[in-house]
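The file final-v7.cif comes next; it holds mmCIF, C-alpha atoms.
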data_input
loop_
_atom_site.label_atom_id
_atom_site.label_comp_id
_atom_site.auth_asym_id
_atom_site.auth_seq_id
_atom_site.Cartn_x
_atom_site.Cartn_y
_atom_site.Cartn_z
CA MET A 1 133.11 19.13 37.87
CA HIS A 2 131.70 16.06 39.56
CA VAL A 3 133.33 12.66 38.95
CA THR A 4 130.67 10.08 38.12
CA ARG A 5 131.06 6.84 40.04
CA GLY A 6 132.06 3.98 37.76
CA PHE A 7 132.13 6.04 34.57
CA THR A 8 135.16 5.37 32.41
CA GLY A 9 133.97 6.50 28.98
CA ARG A 10 135.19 5.41 25.61
CA PRO A 11 138.91 4.89 24.98
CA ARG A 12 140.79 8.18 24.97
CA VAL A 13 141.93 9.34 21.58
CA HIS A 14 144.28 12.27 21.34
CA ASN A 15 142.74 14.40 18.66
CA PRO A 16 143.77 18.02 18.55
CA GLY A 17 141.08 18.63 15.93
CA LEU A 18 138.30 17.80 18.39
CA PRO A 19 136.81 20.86 20.12
CA PRO A 20 135.97 20.58 23.84
CA GLY A 21 132.94 18.44 24.68
CA GLN A 22 132.77 16.91 21.19
CA TYR A 23 133.14 13.30 20.04
CA ASP A 24 134.08 11.86 16.67
CA ALA A 25 130.92 10.64 14.89
CA GLY A 26 132.99 8.57 12.47
CA ASP A 27 131.02 7.70 9.36
CA ASP A 28 127.71 8.89 10.81
CA TRP A 29 126.23 12.17 9.68
CA PRO A 30 123.19 12.82 11.89
CA VAL A 31 120.35 14.93 10.49
CA LEU A 32 118.85 17.37 12.98
CA SER A 33 116.69 19.81 11.02
CA ALA A 34 113.64 21.00 12.94
CA GLU A 35 111.41 21.33 9.90
CA VAL A 36 110.12 19.20 7.05
CA THR A 37 112.76 18.54 4.39
CA PRO A 38 111.55 20.63 1.43
CA ASP A 39 110.88 19.22 -1.99
CA LEU A 40 113.12 21.71 -3.79
CA ALA A 41 114.54 21.00 -7.26
CA ALA A 42 117.85 22.50 -8.32
CA GLU A 43 116.10 24.33 -11.17
CA GLU A 44 113.80 26.04 -8.65
CA TRP A 45 116.58 26.96 -6.24
CA THR A 46 117.58 30.62 -6.05
CA PHE A 47 120.03 32.49 -3.86
CA ARG A 48 119.78 36.21 -3.09
CA ILE A 49 121.95 38.73 -1.27
CA ASP A 50 120.38 42.05 -0.37
CA GLY A 51 120.21 44.63 2.41
CA LEU A 52 123.31 46.77 2.93
CA VAL A 53 125.06 45.98 -0.33
CA ALA A 54 125.84 48.18 -3.31
CA GLU A 55 124.11 45.90 -5.81
CA PRO A 56 121.54 43.45 -4.43
CA ARG A 57 121.07 40.47 -6.71
CA SER A 58 119.82 36.93 -7.09
CA TRP A 59 121.39 33.87 -8.67
CA THR A 60 119.77 30.88 -10.28
CA TRP A 61 121.32 27.43 -10.04
CA ASP A 62 123.09 27.89 -13.39
CA GLU A 63 124.23 31.42 -12.61
CA ALA A 64 125.71 30.35 -9.28
CA HIS A 65 127.49 27.45 -10.95
CA ALA A 66 129.12 29.89 -13.38
CA LEU A 67 131.14 31.33 -10.46
CA PRO A 68 134.59 29.86 -9.72
CA ALA A 69 134.34 26.44 -8.05
CA SER A 70 135.74 26.06 -4.55
CA VAL A 71 136.12 23.09 -2.21
CA TYR A 72 136.13 22.80 1.58
CA GLU A 73 138.00 19.85 3.01
CA GLY A 74 138.10 19.63 6.77
CA ASP A 75 135.90 19.09 9.79
CA ILE A 76 132.40 20.05 10.93
CA HIS A 77 131.06 20.34 14.47
CA CYS A 78 127.46 20.03 15.65
CA VAL A 79 126.24 21.58 18.90
CA THR A 80 124.70 18.23 19.89
CA SER A 81 128.31 17.07 20.48
CA TRP A 82 129.28 15.18 17.35
CA SER A 83 132.08 16.24 15.06
CA LYS A 84 132.79 14.79 11.65
CA PHE A 85 136.30 14.70 10.26
CA GLY A 86 137.63 14.89 6.72
CA VAL A 87 134.46 15.98 4.97
CA ARG A 88 134.59 17.35 1.44
CA PHE A 89 132.08 19.91 0.19
CA GLY A 90 132.05 21.44 -3.28
CA GLY A 91 130.46 24.74 -4.25
CA VAL A 92 131.44 28.39 -4.47
CA SER A 93 133.20 30.55 -1.91
CA LEU A 94 130.92 33.24 -0.52
CA ASP A 95 133.67 35.71 -1.38
CA ALA A 96 132.71 35.33 -5.04
CA PHE A 97 129.16 36.40 -4.16
CA TRP A 98 130.38 39.27 -1.97
CA ASP A 99 132.53 40.53 -4.87
CA ALA A 100 129.40 40.74 -6.97
CA VAL A 101 127.21 42.63 -4.48
CA GLY A 102 129.70 44.80 -2.60
CA PRO A 103 128.79 45.03 1.10
CA LEU A 104 128.54 48.63 2.33
CA GLU A 105 130.84 50.11 4.98
CA SER A 106 127.96 50.11 7.47
CA ALA A 107 127.33 46.35 7.14
CA THR A 108 128.17 44.33 10.26
CA HIS A 109 125.88 41.29 10.44
CA VAL A 110 123.93 38.91 8.25
CA VAL A 111 120.75 36.92 8.64
CA ALA A 112 120.95 33.78 6.51
CA TYR A 113 117.54 32.35 5.60
CA SER A 114 116.38 29.12 4.06
CA HIS A 115 113.69 28.24 1.56
CA THR A 116 111.90 26.67 4.57
CA GLY A 117 111.91 29.85 6.67
CA TYR A 118 114.78 28.77 8.91
CA THR A 119 117.07 31.66 9.86
CA THR A 120 120.45 32.06 11.53
CA ASN A 121 122.51 35.16 12.26
CA LEU A 122 126.23 35.64 11.73
CA PRO A 123 128.76 38.45 11.92
CA LEU A 124 129.61 39.46 8.36
CA ALA A 125 133.28 38.82 9.16
CA ASP A 126 132.54 35.10 9.65
CA LEU A 127 131.25 34.92 6.09
CA ARG A 128 134.26 36.54 4.40
CA GLY A 129 137.89 35.72 3.88
CA GLY A 130 137.59 32.18 2.52
CA ARG A 131 135.74 30.76 5.55
CA ALA A 132 132.24 30.30 4.11
CA TRP A 133 130.71 28.67 1.06
CA ILE A 134 127.51 27.93 -0.78
CA ALA A 135 127.87 24.14 -1.07
CA TRP A 136 126.01 21.78 -3.41
CA GLU A 137 128.25 18.74 -3.46
CA TYR A 138 129.32 16.33 -0.77
CA ASP A 139 132.03 13.80 -1.59
CA ASP A 140 131.73 14.90 -5.23
CA ARG A 141 128.05 13.98 -5.38
CA PRO A 142 124.96 16.21 -5.23
CA LEU A 143 124.18 17.24 -1.65
CA ALA A 144 121.27 15.12 -0.34
CA PRO A 145 118.02 16.98 0.46
CA GLU A 146 118.12 15.96 4.15
CA HIS A 147 121.59 17.54 4.39
CA GLY A 148 120.42 20.78 2.78
CA GLY A 149 120.50 20.01 -0.94
CA PRO A 150 120.23 21.37 -3.50
CA ALA A 151 122.47 23.93 -1.75
CA ARG A 152 123.34 24.97 1.78
CA LEU A 153 125.42 27.59 3.51
CA LEU A 154 128.68 26.16 4.86
CA VAL A 155 130.47 27.92 7.73
CA PRO A 156 132.57 25.08 9.15
CA HIS A 157 134.43 27.10 11.79
CA LEU A 158 131.14 27.60 13.69
CA TYR A 159 128.66 25.03 15.08
CA PHE A 160 126.78 23.55 12.19
CA TRP A 161 123.37 25.10 12.91
CA LYS A 162 124.93 28.26 11.42
CA SER A 163 125.35 26.44 8.09
CA ALA A 164 121.74 26.95 7.00
CA LYS A 165 120.32 24.15 4.84
CA TRP A 166 118.31 24.93 1.66
CA ILE A 167 119.88 28.38 1.65
CA ALA A 168 117.70 31.02 0.03
CA GLY A 169 119.51 34.22 0.83
CA LEU A 170 121.52 36.55 3.02
CA ARG A 171 120.14 39.82 4.34
CA VAL A 172 123.00 42.18 5.19
CA LEU A 173 122.35 44.40 8.23
CA ASP A 174 124.05 47.04 10.36
CA HIS A 175 123.04 45.24 13.56
CA ASP A 176 122.68 41.73 14.95
CA GLU A 177 119.32 39.96 14.84
CA PRO A 178 118.95 36.51 16.40
CA GLY A 179 117.87 33.69 14.08
CA PHE A 180 115.78 30.58 14.70
CA TRP A 181 117.90 28.68 17.25
CA GLU A 182 119.40 31.87 18.60
CA ARG A 183 115.89 32.94 19.64
CA ASN A 184 115.41 29.50 21.17
CA GLY A 185 118.25 29.62 23.67
CA TYR A 186 121.29 28.93 21.53
CA HIS A 187 124.44 31.01 21.48
CA ASP A 188 124.67 34.07 19.27
CA ARG A 189 127.95 33.11 17.58
CA GLY A 190 128.50 29.38 18.21
CA ASN A 191 132.29 29.00 18.19
CA PRO A 192 132.96 25.31 18.96
CA TRP A 193 136.47 26.01 20.24
CA GLU A 194 135.01 28.22 22.96
CA GLU A 195 132.09 25.81 23.45
CA GLN A 196 129.53 28.54 22.77
CA ARG A 197 126.50 26.23 22.76
CA TYR A 198 123.84 28.14 24.62
CA SER A 199 123.06 31.75 25.29
CA GLY A 200 125.33 32.80 28.13
CA ASP A 201 128.13 30.29 27.42
CA MET B 1 119.22 50.90 11.86
CA THR B 2 117.84 48.94 8.97
CA GLU B 3 114.41 47.35 9.31
CA THR B 4 113.84 44.17 11.29
CA PHE B 5 114.33 41.21 9.00
CA THR B 6 111.45 38.81 8.47
CA PRO B 7 112.14 35.84 6.20
CA PRO B 8 109.78 35.42 3.25
CA THR B 9 108.75 32.00 4.61
CA ARG B 10 108.14 31.33 8.30
CA PHE B 11 107.47 28.10 10.17
CA ALA B 12 106.23 27.05 13.59
CA VAL B 13 106.24 30.62 14.83
CA PRO B 14 103.37 30.58 17.35
CA GLY B 15 104.06 28.75 20.55
CA ARG B 16 107.82 29.15 20.64
CA ILE B 17 108.82 29.86 24.21
CA GLU B 18 111.53 31.87 25.87
CA VAL B 19 114.34 29.90 27.45
CA SER B 20 115.99 30.94 30.69
CA ALA B 21 119.58 31.73 29.77
CA GLN B 22 120.62 31.07 33.34
CA ALA B 23 119.03 27.62 33.48
CA ALA B 24 120.62 26.78 30.14
CA THR B 25 124.06 27.87 31.28
CA SER B 26 124.43 26.46 34.78
CA TRP B 27 125.50 22.88 35.39
CA GLN B 28 124.12 21.36 38.55
CA THR B 29 124.54 18.01 40.23
CA ALA B 30 121.46 15.79 40.21
CA THR B 31 120.98 12.60 42.21
CA ILE B 32 119.47 9.43 40.78
CA THR B 33 116.57 8.39 43.00
CA GLU B 34 115.10 5.56 40.93
CA ILE B 35 115.82 3.49 37.82
CA ARG B 36 113.01 1.37 36.42
CA PRO B 37 112.89 -0.68 33.23
CA GLU B 38 110.33 0.31 30.59
CA THR B 39 111.23 -2.27 27.94
CA PRO B 40 114.13 -4.70 27.49
CA ARG B 41 116.11 -1.85 25.91
CA ALA B 42 114.83 1.28 27.64
CA ALA B 43 114.83 2.44 31.26
CA THR B 44 113.50 5.48 33.06
CA VAL B 45 115.83 7.37 35.36
CA ARG B 46 114.37 9.62 38.03
CA LEU B 47 116.56 12.50 39.11
CA ALA B 48 116.38 14.87 42.06
CA VAL B 49 117.56 18.24 40.76
CA PRO B 50 118.47 20.85 43.38
CA VAL B 51 117.19 23.87 41.47
CA TRP B 52 114.80 22.97 38.69
CA ALA B 53 113.13 26.05 37.25
CA GLY B 54 110.51 23.89 35.59
CA HIS B 55 110.24 22.85 31.97
CA VAL B 56 107.72 22.95 29.19
CA PRO B 57 106.71 19.50 27.86
CA GLY B 58 108.94 18.59 24.91
CA GLN B 59 112.08 20.32 26.16
CA HIS B 60 115.37 18.53 26.71
CA LEU B 61 118.41 18.88 28.90
CA MET B 62 122.12 18.26 28.56
CA LEU B 63 123.59 15.56 30.76
CA ARG B 64 127.28 15.13 31.57
CA LEU B 65 129.25 12.22 33.00
CA THR B 66 132.86 12.75 34.08
CA ALA B 67 135.56 10.10 34.50
CA GLU B 68 138.30 10.26 37.15
CA ASP B 69 140.84 11.55 34.66
CA GLY B 70 138.56 14.48 33.80
CA TYR B 71 137.26 13.01 30.56
CA ALA B 72 133.64 14.10 30.15
CA ALA B 73 130.85 12.93 27.86
CA GLN B 74 127.71 14.98 27.39
CA ARG B 75 124.47 14.17 25.60
CA HIS B 76 121.06 15.72 25.06
CA TYR B 77 118.06 13.84 26.49
CA SER B 78 114.39 14.69 26.27
CA ILE B 79 112.53 15.10 29.53
CA ALA B 80 109.86 12.41 29.95
CA SER B 81 108.03 13.71 33.01
CA ALA B 82 105.41 16.42 33.04
CA PRO B 83 106.33 19.66 34.75
CA ASP B 84 105.46 19.52 38.45
CA ASP B 85 106.77 20.89 41.73
CA SER B 86 108.33 17.64 42.99
CA GLY B 87 111.92 18.76 42.44
CA HIS B 88 112.34 15.63 40.33
CA ILE B 89 112.46 14.98 36.61
CA GLU B 90 112.52 11.76 34.63
CA LEU B 91 114.42 10.74 31.52
CA THR B 92 113.92 7.56 29.51
CA LEU B 93 117.06 6.25 27.85
CA ASP B 94 117.55 3.62 25.18
CA HIS B 95 120.52 1.36 25.71
CA VAL B 96 122.53 2.37 22.63
CA ALA B 97 125.00 -0.28 21.43
CA GLY B 98 128.45 0.95 22.43
CA GLY B 99 126.98 4.10 23.96
CA GLU B 100 129.29 5.36 26.69
CA VAL B 101 126.60 7.42 28.44
CA SER B 102 123.52 5.21 27.97
CA GLY B 103 125.72 2.17 28.68
CA TRP B 104 126.67 3.64 32.04
CA PHE B 105 123.02 4.24 32.93
CA HIS B 106 121.99 0.73 31.93
CA THR B 107 124.86 -1.23 33.47
CA VAL B 108 126.50 0.82 36.23
CA ALA B 109 124.12 3.47 37.58
CA ARG B 110 122.11 2.96 40.76
CA PRO B 111 120.10 5.20 43.07
CA GLY B 112 122.34 7.61 44.93
CA ASP B 113 124.69 8.15 41.99
CA ARG B 114 125.13 11.72 40.89
CA VAL B 115 125.31 13.19 37.40
CA GLU B 116 125.43 16.73 36.07
CA VAL B 117 122.63 18.38 34.12
CA ARG B 118 121.90 21.76 32.57
CA GLY B 119 118.56 22.87 31.29
CA PRO B 120 115.80 22.88 30.32
CA LEU B 121 116.90 23.70 26.79
CA SER B 122 115.32 24.87 23.55
CA GLY B 123 111.96 26.56 23.20
CA PHE B 124 111.00 25.13 19.83
CA PHE B 125 110.00 21.49 20.31
CA ALA B 126 107.86 22.47 23.26
CA TRP B 127 104.13 22.39 23.92
CA PRO B 128 102.74 24.58 26.68
CA GLY B 129 99.33 22.94 26.40
CA ASP B 130 97.70 25.89 24.70
CA ARG B 131 96.77 24.49 21.27
CA PRO B 132 95.56 21.18 19.83
CA ALA B 133 98.52 18.82 19.50
CA LEU B 134 99.05 15.92 17.12
CA LEU B 135 102.02 13.88 18.34
CA ILE B 136 103.82 11.27 16.25
CA GLY B 137 106.78 9.31 17.58
CA ALA B 138 108.73 6.11 17.12
CA GLY B 139 110.87 4.16 19.56
CA SER B 140 112.28 6.43 22.24
CA GLY B 141 111.05 9.36 20.13
CA VAL B 142 107.92 9.03 22.21
CA VAL B 143 109.74 10.37 25.28
CA PRO B 144 109.21 14.15 24.80
CA LEU B 145 105.71 13.43 23.48
CA MET B 146 104.91 11.49 26.66
CA SER B 147 105.79 14.57 28.69
CA MET B 148 103.06 16.35 26.70
CA VAL B 149 100.53 13.52 27.22
CA ARG B 150 101.27 13.44 30.95
CA HIS B 151 100.97 17.21 31.18
CA HIS B 152 97.65 17.10 29.33
CA ARG B 153 96.39 14.53 31.82
CA ALA B 154 97.84 16.04 34.98
CA ARG B 155 96.32 19.41 34.22
CA GLY B 156 93.04 18.01 32.94
CA LEU B 157 93.41 20.07 29.77
CA ASP B 158 90.49 19.92 27.37
CA VAL B 159 92.45 21.04 24.30
CA PRO B 160 92.53 18.07 21.88
CA LEU B 161 95.64 15.85 21.90
CA ARG B 162 96.38 12.68 19.93
CA LEU B 163 99.42 10.41 19.97
CA LEU B 164 100.45 8.04 17.20
CA VAL B 165 103.35 5.90 18.45
CA SER B 166 105.34 3.33 16.49
CA ALA B 167 107.23 0.43 18.10
CA ARG B 168 108.72 -2.78 16.79
CA SER B 169 106.64 -4.95 19.09
CA PRO B 170 104.39 -4.70 22.14
CA GLU B 171 107.41 -5.60 24.30
CA GLU B 172 109.32 -2.62 22.91
CA LEU B 173 106.50 -0.11 23.29
CA ILE B 174 107.71 2.36 25.90
CA TYR B 175 105.07 3.44 28.47
CA ALA B 176 102.70 0.76 27.13
CA ARG B 177 100.61 0.66 30.30
CA GLU B 178 100.10 4.41 30.43
CA TYR B 179 98.36 5.04 27.14
CA GLY B 180 94.69 5.87 26.97
CA ALA B 181 92.11 6.74 24.36
CA GLU B 182 94.35 9.51 22.99
CA THR B 183 96.91 7.00 21.72
CA THR B 184 97.10 4.73 18.68
CA PRO B 185 100.05 2.32 18.70
CA VAL B 186 101.54 1.07 15.43
CA PHE B 187 103.60 -2.14 15.47
CA THR B 188 106.18 -2.73 12.75
CA ARG B 189 107.45 -6.29 13.46
CA SER B 190 104.96 -8.04 15.70
CA ALA B 191 101.64 -7.01 17.17
CA PRO B 192 99.12 -8.24 19.70
CA THR B 193 96.49 -10.58 18.27
CA GLY B 194 94.01 -8.73 16.13
CA LEU B 195 96.24 -5.75 15.37
CA PRO B 196 98.00 -5.37 12.01
CA VAL B 197 101.79 -5.38 11.60
CA GLY B 198 103.35 -2.76 9.37
CA ARG B 199 104.88 0.64 8.96
CA MET B 200 103.00 3.81 9.87
CA SER B 201 101.00 4.82 6.81
CA ALA B 202 98.55 7.31 5.38
CA ALA B 203 95.77 5.15 6.84
CA HIS B 204 96.98 6.05 10.34
CA VAL B 205 97.42 9.74 9.70
CA ALA B 206 94.37 10.52 7.56
CA PRO B 207 91.73 9.93 10.29
CA LEU B 208 93.57 12.29 12.64
CA LEU B 209 93.69 15.03 10.02
CA ALA B 210 90.03 14.36 9.25
CA GLU B 211 89.10 15.08 12.86
CA ARG B 212 91.22 18.21 13.03
CA PRO B 213 89.91 20.68 15.57
CA PRO B 214 88.98 24.28 14.69
CA GLY B 215 92.23 26.11 13.95
CA GLY B 216 93.97 22.84 13.12
CA TRP B 217 96.72 20.81 14.79
CA GLU B 218 100.23 21.70 15.87
CA ALA B 219 102.16 18.59 14.83
CA TYR B 220 105.18 17.28 16.75
CA VAL B 221 107.27 14.48 15.22
CA CYS B 222 110.11 12.75 17.08
CA GLY B 223 112.26 9.77 16.20
CA SER B 224 115.14 8.68 14.00
CA ASN B 225 115.81 10.76 10.92
CA GLY B 226 114.38 8.02 8.71
CA PHE B 227 111.18 7.92 10.73
CA ALA B 228 110.94 11.72 10.92
CA GLU B 229 111.27 12.02 7.14
CA HIS B 230 108.60 9.35 6.63
CA ALA B 231 106.15 10.69 9.20
CA SER B 232 106.51 14.31 8.11
CA ARG B 233 105.84 13.33 4.49
CA LEU B 234 102.70 11.48 5.62
CA LEU B 235 101.53 14.58 7.48
CA VAL B 236 102.12 16.90 4.53
CA ALA B 237 100.39 14.47 2.16
CA ALA B 238 97.39 14.33 4.51
CA GLY B 239 97.06 18.11 4.47
CA GLN B 240 98.92 19.24 7.59
CA PRO B 241 100.46 22.67 6.82
CA VAL B 242 104.23 22.27 6.48
CA ASP B 243 104.84 25.32 8.68
CA ARG B 244 102.98 23.70 11.56
CA ILE B 245 105.15 20.61 11.84
CA ARG B 246 107.97 20.60 14.40
CA ILE B 247 110.52 17.83 14.18
CA GLU B 248 113.06 16.50 16.64
CA ARG B 249 115.45 13.94 15.19
CA PHE B 250 117.87 11.74 17.12
CA GLY B 251 121.50 12.53 16.71
#
Kindly transcribe the structure held in the file into structure tokens.
Amino acid sequence: MHVTRGFTGRPRVHNPGLPPGQYDAGDDWPVLSAEVTPDLAAEEWTFRIDGLVAEPRSWTWDEAHALPASVYEGDIHCVTSWSKFGVRFGGVSLDAFWDAVGPLESATHVVAYSHTGYTTNLPLADLRGGRAWIAWEYDDRPLAPEHGGPARLLVPHLYFWKSAKWIAGLRVLDHDEPGFWERNGYHDRGNPWEEQRYSGD
Amino acid sequence: MTETFTPPTRFAVPGRIEVSAQAATSWQTATITEIRPETPRAATVRLAVPVWAGHVPGQHLMLRLTAEDGYAAQRHYSIASAPDDSGHIELTLDHVAGGEVSGWFHTVARPGDRVEVRGPLSGFFAWPGDRPALLIGAGSGVVPLMSMVRHHRARGLDVPLRLLVSARSPEELIYAREYGAETTPVFTRSAPTGLPVGRMSAAHVAPLLAERPPGGWEAYVCGSNGFAEHASRLLVAAGQPVDRIRIERFG
């Protein structure tokens, strides 16, 4: 650590909810997608789970909405250093989808992919147990296209690049395969509390 | 093992580069050797970096300032300079209202001060100089694009390159004196005599798509989210394939 001459920084706020190296973005919600925001209508949206599952299947918008509704209220953390507190997403817990497809014993990892071709990899365990959602509402309104609407993956306990926008599906694997940012130097898991930003952190 | 997964849709696959995990992980102390104003709101900071493995134009780094009580603030900044063997790199920073890091650079920093950096980072918004490049930026979004323009010039590359850069006024156009025939400036609030004032439009983008080289352009868009959304829609409407547009948005 090197102390920077004359640097004082913003006023200190004790915030136990803020992971190391992060700041509170307040009302801002920066958009950082690397690709063109797709023109994707809710009626065209589909979500599929396949790979190492007992019963691969796809859901339409209406079919997904027939699953039990679930809400995430809490915080999100972006690898570019902003965190956003007290967000509210509405959708369906991924557990409801897992119950329908039945992951096999051999399943260990997942590649989540978007309708744009974006991909991100996650351990299956991070997507089970009430910690991940398919989200289509933000603050009780439809999720905006630039934030991943009509529907995105939501895995708020990891850096937000893991929460793939415009989610199209999950491929369940018996091994880990790096996704888009993970192939471009970013950390394999992305736990903000351990500051896993880049490969090697 | 199951098969390797390939998503049904892919984008911007060719040209992605490998990133050195070691460079991305290690913090090192860099020394400011020069600060020079570019516009009333933007300044270029030249840094001597002890061990700089070299970057690809378009890449960024992470920069960290630390206060005496241990409080640290870190931000991502695009690299403005072309890769060279000088042991120096340059960043160009906007003075963000209330920004604790950019505020320090604009009001406190002077040559001799030391800051910490790690990088270069990310192999996606990067242009090695191998394929025709169509660059579109606004405000300080031109910074990573300028690294590409400078690289193109320094290496005397003959692969086509065009830059469309939007600024509020001539006074706020970063690197104004450096642009050449490859660049078309667009002014949104006030313009030099004889040039129109207005937002970037299809009329700016269409001629560039019309002169697309064999094999087409790789498009790079950088700016605020609002600008990136606007510019990427213009590109798609003009016929640029959506999977050959790379976007870097501020945030």
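Take the candidates B:Ala133, B:Leu195, B:Ala231, B:Ala210 and check each one against Glu182 (chain B) using only C-alpha atoms; the shortest distance goes to B:Ala133.
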Tell me, as a tab-separated table (two decimals) with C-alpha atoms, in the frame of the given file, which residues lie within 8 Å of Leu122 (chain A), counting all atoms listed in the file; anything in the same chain fewer than 6 positions away does not count.
chain	number	residue	atom	x	y	z
A	109	HIS	CA	125.88	41.29	10.44
A	110	VAL	CA	123.93	38.91	8.25
A	111	VAL	CA	120.75	36.92	8.64
A	112	ALA	CA	120.95	33.78	6.51
A	162	LYS	CA	124.93	28.26	11.42
A	176	ASP	CA	122.68	41.73	14.95
A	188	ASP	CA	124.67	34.07	19.27
A	189	ARG	CA	127.95	33.11	17.58
Practice problem: Quick one: everything within 6 Å of Gly169 (chain A), counting all atoms listed in the file, minus sequence neighbours fewer than 2 positions away in the same chain. Send it as a PyMOL selection string. | Solution: chain A and resi 47-49+112-113+167
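Considering the residues A:Gly179, A:Gly149, A:Gly26, A:Pro16 and counting only C-alpha atoms, chain B has its shortest atom-to-atom contact with A:Gly179.
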Quiz item: Which is closer to chain A than all the others in B:Asp94, B:Asp84, B:Glu211, B:Asp69, using only C-alpha atoms?
Solution: B:Asp69
Closest-contact table, chain B side, partner chain A, 8 Å, counting all atoms listed in the file, as a Markdown table:
| residue | atom | partner | partner_atom | distance |
| --- | --- | --- | --- | --- |
| B:Met1 | CA | A:Asp174 | CA | 6.4 |
| B:Thr2 | CA | A:Leu173 | CA | 6.4 |
| B:Thr4 | CA | A:Glu177 | CA | 7.8 |
| B:Phe5 | CA | A:Arg171 | CA | 7.6 |
| B:Pro7 | CA | A:Gly117 | CA | 6.0 |
| B:Pro8 | CA | A:Gly117 | CA | 6.9 |
| B:Thr9 | CA | A:Gly117 | CA | 4.3 |
| B:Arg10 | CA | A:Gly117 | CA | 4.4 |
| B:Phe11 | CA | A:Gly117 | CA | 5.9 |
| B:Arg16 | CA | A:Asn184 | CA | 7.6 |
| B:Ile17 | CA | A:Asn184 | CA | 7.3 |
| B:Glu18 | CA | A:Asn184 | CA | 6.5 |
| B:Val19 | CA | A:Gly185 | CA | 5.4 |
| B:Ser20 | CA | A:Gly185 | CA | 7.5 |
| B:Ala21 | CA | A:Ser199 | CA | 5.7 |
| B:Gln22 | CA | A:Gly200 | CA | 7.2 |
| B:Ala24 | CA | A:Tyr198 | CA | 6.5 |
| B:Thr25 | CA | A:Gly200 | CA | 6.0 |
| B:Thr29 | CA | A:His2 | CA | 7.5 |
| B:Leu65 | CA | A:Thr4 | CA | 5.7 |
| B:Thr66 | CA | A:Val3 | CA | 4.9 |
| B:Ala67 | CA | A:Thr8 | CA | 5.2 |
| B:Glu68 | CA | A:Val3 | CA | 5.8 |
| B:Gly70 | CA | A:Val3 | CA | 7.6 |
| B:Tyr71 | CA | A:Gly9 | CA | 7.5 |
| B:Ala72 | CA | A:Gly21 | CA | 7.0 |
| B:Ala73 | CA | A:Gly21 | CA | 6.7 |
| B:Gln74 | CA | A:Gly21 | CA | 6.8 |
| B:Arg75 | CA | A:Thr80 | CA | 7.0 |
| B:His76 | CA | A:Thr80 | CA | 6.8 |
| B:Glu100 | CA | A:Gly9 | CA | 5.3 |
| B:Val101 | CA | A:Gly9 | CA | 7.4 |
| B:Trp104 | CA | A:Phe7 | CA | 6.5 |
| B:Val108 | CA | A:Gly6 | CA | 6.6 |
| B:Ala109 | CA | A:Gly6 | CA | 8.0 |
| B:Asp113 | CA | A:Arg5 | CA | 6.8 |
| B:Arg114 | CA | A:Thr4 | CA | 6.4 |
| B:Val115 | CA | A:Thr4 | CA | 6.2 |
| B:Glu116 | CA | A:His2 | CA | 7.2 |
| B:Leu121 | CA | A:Gly185 | CA | 6.8 |
| B:Ser122 | CA | A:Asn184 | CA | 5.2 |
| B:Gly123 | CA | A:Asn184 | CA | 5.0 |
| B:Phe124 | CA | A:Asn184 | CA | 6.4 |
| B:Asn225 | CA | A:Val31 | CA | 6.2 |
| B:Glu229 | CA | A:Thr37 | CA | 7.2 |
| B:Ser232 | CA | A:Val36 | CA | 6.2 |
| B:Arg233 | CA | A:Val36 | CA | 7.7 |
| B:Val242 | CA | A:Val36 | CA | 6.7 |
| B:Asp243 | CA | A:Glu35 | CA | 7.8 |
| B:Ile245 | CA | A:Glu35 | CA | 6.6 |
| B:Arg246 | CA | A:Glu35 | CA | 5.7 |
| B:Ile247 | CA | A:Ala34 | CA | 4.6 |
| B:Glu248 | CA | A:Ala34 | CA | 5.9 |
| B:Arg249 | CA | A:Leu32 | CA | 5.3 |
| B:Phe250 | CA | A:Leu32 | CA | 7.1 |
| B:Gly251 | CA | A:Pro30 | CA | 5.1 |
Quiz item: Expanded to explicit residues, what is the PyMOL selection byres ((chain B and resi 202) around 10) for this file, as a PyMOL selection string?
Solution: chain B and resi 199-201+203-207+231+233-235+237-238
Quiz item: Excluding same-chain residues fewer than 5 positions from Glu172 (chain B), what lies within 12 Å of it counting all atoms listed in the file, as a list in words?
Solution: Pro37, Glu38, Thr39, Pro40, Arg41, Ala42, Ala43, Asp94, Ala138, Gly139, Ser140, Val142, Val165, Ser166, Ala167, Arg177, Pro185, Val186, Phe187, Thr188, Arg189, Ser190 and Ala191 of chain B
Self-check item: Straight-line distance linking CA of His95 (chain B) with CA of Thr33 (chain B), stated in Å to one decimal
Solution: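 Distance between the two atoms: 19.1 Å.
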Exercise. Could you check how far CA of Tyr220 (chain B) sits from CA of Phe125 (chain B), in Å to one decimal?
Key: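 So the answer is 7.3 Å.
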Self-check item: Straight-line distance linking CA of Arg36 (chain B) with CA of His106 (chain B), stated in Å to one decimal
Solution: 10.1 Å
Quiz prompt | Surrounding residues of Ala96 (chain A) excluding itself and chain neighbours under 2 positions, 12 Å, all atoms listed in the file, as a PyMOL selection string | solution = chain A and resi 49+59+64-70+91-94+98-102+127-134
Self-check item: Nearby residues (only C-alpha atoms) at most 12 Å from Ile79 (chain B), same-chain spacing under 2 positions excluded, as a ChimeraX atom specification
Solution: /B:44-47,54-63,76-77,81-83,88-93,117-122,125-126,140-148,150-151
Practice problem: List the residues selected by the PyMOL selection byres ((chain A and resi 152) around 8) in the file shown, writing them as a VMD selection string. | Solution: chain A and resid 134 to 136 148 to 151 153 to 154 163 to 167
